[in-house]
2 protein chains.
Amino acid sequence: MTVFFSKRCEYGLQAVLFMSTQESACVCPSEEISNKLNIPKEFISKILQSLTESGIVESKKGKSGGFKLAKHPSKIKLIDIVEAIDGLDSFNSCVLGFPECSPDKPCPVHDQWGELRTKAYEMLSSETIDKFKEKTLNKIRII
Amino acid sequence: MTVFFSKRCEYGLQAVLFMSTQESACVCPSEEISNKLNIPKEFISKILQSLTESGIVESKKGKSGGFKLAKHPSKIKLIDIVEAIDGLDSFNSCVLGFPECSPDKPCPVHDQWGELRTKAYEMLSSETIDKFKEKTLNKIRII
DNA sequence: TTTTAATCAGACAATTTAATCTGGTTATAA
DNA sequence: TTATAACCAGATTAAATTGTCTGATTAAAA
């Protein structure tokens, strides 16, 4: 295995990045997102519903409805989606699975891993997703 | 979720670290490892069996049997256990779950994440587990 | 030689995560 | 006003992971 994000979270991140490349006025039906990103339609629907509850996404019901970001991409960070879907526990728990891993009860790799984890957190929280627009467009084009 | 290693792998890493603190002559029954590390007995047995197949651990059958490391701790790295149990795929696949993430088809965080992943790999492969003996002893004492 | 305490093999059960299905509700567009 | 195309809610299924059980085999110790 060895995973960082759950499938739900990966799909959620992809969908939010995708929506950040769309005109802010228009809504994307889940079917479109499903097609563009090769994610099972029902599954991405559920994920978008939960992101709607979290206030990251807005939904418009009824015919020609769909989803759009609830805020401008310059107000959204990757960590927001991670927090909403997977939570932030992993940034505060032992990578080796030891109980009560803390500075005074450290596991053998506590310091090194802590540094890495901090860097990962920074990577997810330092930039807003509008910074990723071009790269996202390039990536989506070739899927 | 947001996990790095599977439970199997976490337990395997813990068990190997534990064995590295034992006298090299003596074998540890899986029940002892289970008790010391609070890991379900049957589960850690299975994991140790698979590590035996991988050549990281040696088993002695019959009464007063058990497990010991197949090599000296100065010849074993954490990455060896990870490779044996979880495999190394995650060090070569997209953290956002995009298909075919590569230098010429990068995902939006390809470079930053690549750097982190390299650091994680280095952390797991640069030091042999004999370097962790003291810290492991300290950690195990308080479990 | 017999008892005992261990690994080993493989099936099984439980839990979690991933994915699908069904039917209802909503609001646009014809 | 009606048909349609979307979200929504909850149940269900499927797959993967985690954990357990049973019985066989092994080898040391009594």
# chains A, B, ... in the order shown; residues from 1 in each chain; ligands from 1

$ residues_around --residues "stretch 52-67 of chain A" --least-positions-apart "6" --cutoff "9 Å" --atoms "only C-alpha atoms (C1' of nucleotides)" --output "list in words"
Val16, Met19, Cys26, Val27, Cys28, Pro29, Ser30, Glu31, Ile76, Asp80, Ile81 and Ala84 of chain A; DT25, DT26, DA27, DT28 and DA29 of chain C; DT4, DA5, DA6, DC7 and DC8 of chain D

$ closest_atom_pairs --of "chain B" --to "chain A" --cutoff "7 Å" --atoms "only C-alpha atoms" --output "JSON lines"
{"residue": "B:Met1", "atom": "CA", "partner": "A:Asp86", "partner_atom": "CA", "distance": 4.8}
{"residue": "B:Thr2", "atom": "CA", "partner": "A:Phe5", "partner_atom": "CA", "distance": 4.5}
{"residue": "B:Val3", "atom": "CA", "partner": "A:Phe4", "partner_atom": "CA", "distance": 5.2}
{"residue": "B:Phe4", "atom": "CA", "partner": "A:Thr2", "partner_atom": "CA", "distance": 5.0}
{"residue": "B:Phe5", "atom": "CA", "partner": "A:Thr2", "partner_atom": "CA", "distance": 4.5}
{"residue": "B:Ser6", "atom": "CA", "partner": "A:Thr2", "partner_atom": "CA", "distance": 5.9}
{"residue": "B:Glu10", "atom": "CA", "partner": "A:Leu96", "partner_atom": "CA", "distance": 5.0}
{"residue": "B:Leu13", "atom": "CA", "partner": "A:Leu96", "partner_atom": "CA", "distance": 6.9}
{"residue": "B:Gln14", "atom": "CA", "partner": "A:Leu96", "partner_atom": "CA", "distance": 6.8}
{"residue": "B:Asp86", "atom": "CA", "partner": "A:Met1", "partner_atom": "CA", "distance": 4.8}
{"residue": "B:Gly87", "atom": "CA", "partner": "A:Met1", "partner_atom": "CA", "distance": 6.9}
{"residue": "B:Ser90", "atom": "CA", "partner": "A:Thr2", "partner_atom": "CA", "distance": 5.9}
{"residue": "B:Val95", "atom": "CA", "partner": "A:Phe4", "partner_atom": "CA", "distance": 6.7}
{"residue": "B:Leu96", "atom": "CA", "partner": "A:Glu10", "partner_atom": "CA", "distance": 5.0}
{"residue": "B:Gly97", "atom": "CA", "partner": "A:Glu10", "partner_atom": "CA", "distance": 5.6}
{"residue": "B:Lys105", "atom": "CA", "partner": "A:Lys139", "partner_atom": "CA", "distance": 6.5}
{"residue": "B:Pro106", "atom": "CA", "partner": "A:Lys139", "partner_atom": "CA", "distance": 6.6}
{"residue": "B:Cys107", "atom": "CA", "partner": "A:Lys139", "partner_atom": "CA", "distance": 5.8}
{"residue": "B:Pro108", "atom": "CA", "partner": "A:Lys135", "partner_atom": "CA", "distance": 5.0}
{"residue": "B:Leu116", "atom": "CA", "partner": "A:Leu116", "partner_atom": "CA", "distance": 6.9}
{"residue": "B:Phe132", "atom": "CA", "partner": "A:Pro108", "partner_atom": "CA", "distance": 5.7}
{"residue": "B:Lys135", "atom": "CA", "partner": "A:Pro108", "partner_atom": "CA", "distance": 5.0}
{"residue": "B:Thr136", "atom": "CA", "partner": "A:Pro108", "partner_atom": "CA", "distance": 5.5}
{"residue": "B:Lys139", "atom": "CA", "partner": "A:Cys107", "partner_atom": "CA", "distance": 5.8}

$ select_by_dssp --residues "chain B" --states "strand (DSSP E)" --output "list in words"
Val57, Glu58, Ser59, Lys60, Gly66, Phe67, Lys68 and Leu69 of chain B

$ select_by_dssp --residues "stretch 62-123 of chain A" --states "helix (DSSP H, G or I)" --output "PyMOL selection string"
chain A and resi 73-75+78-85+89-92+110-123

$ residues_around --residues "C:DC8" --least-positions-apart "4" --cutoff "9 Å" --atoms "only C-alpha atoms (C1' of nucleotides)" --output "list of chain:residue names"
B:Gln49, B:Lys61, D:DA24, D:DT25

$ closest_residue --among "C:DT20, C:DT7, C:DT15, C:DT1" --to "chain A" --atoms "only C-alpha atoms (C1' of nucleotides)"
C:DT20

$ closest_residue --among "D:DA3, D:DA28, D:DA15, D:DA9" --to "chain B" --atoms "only C-alpha atoms (C1' of nucleotides)"
D:DA28
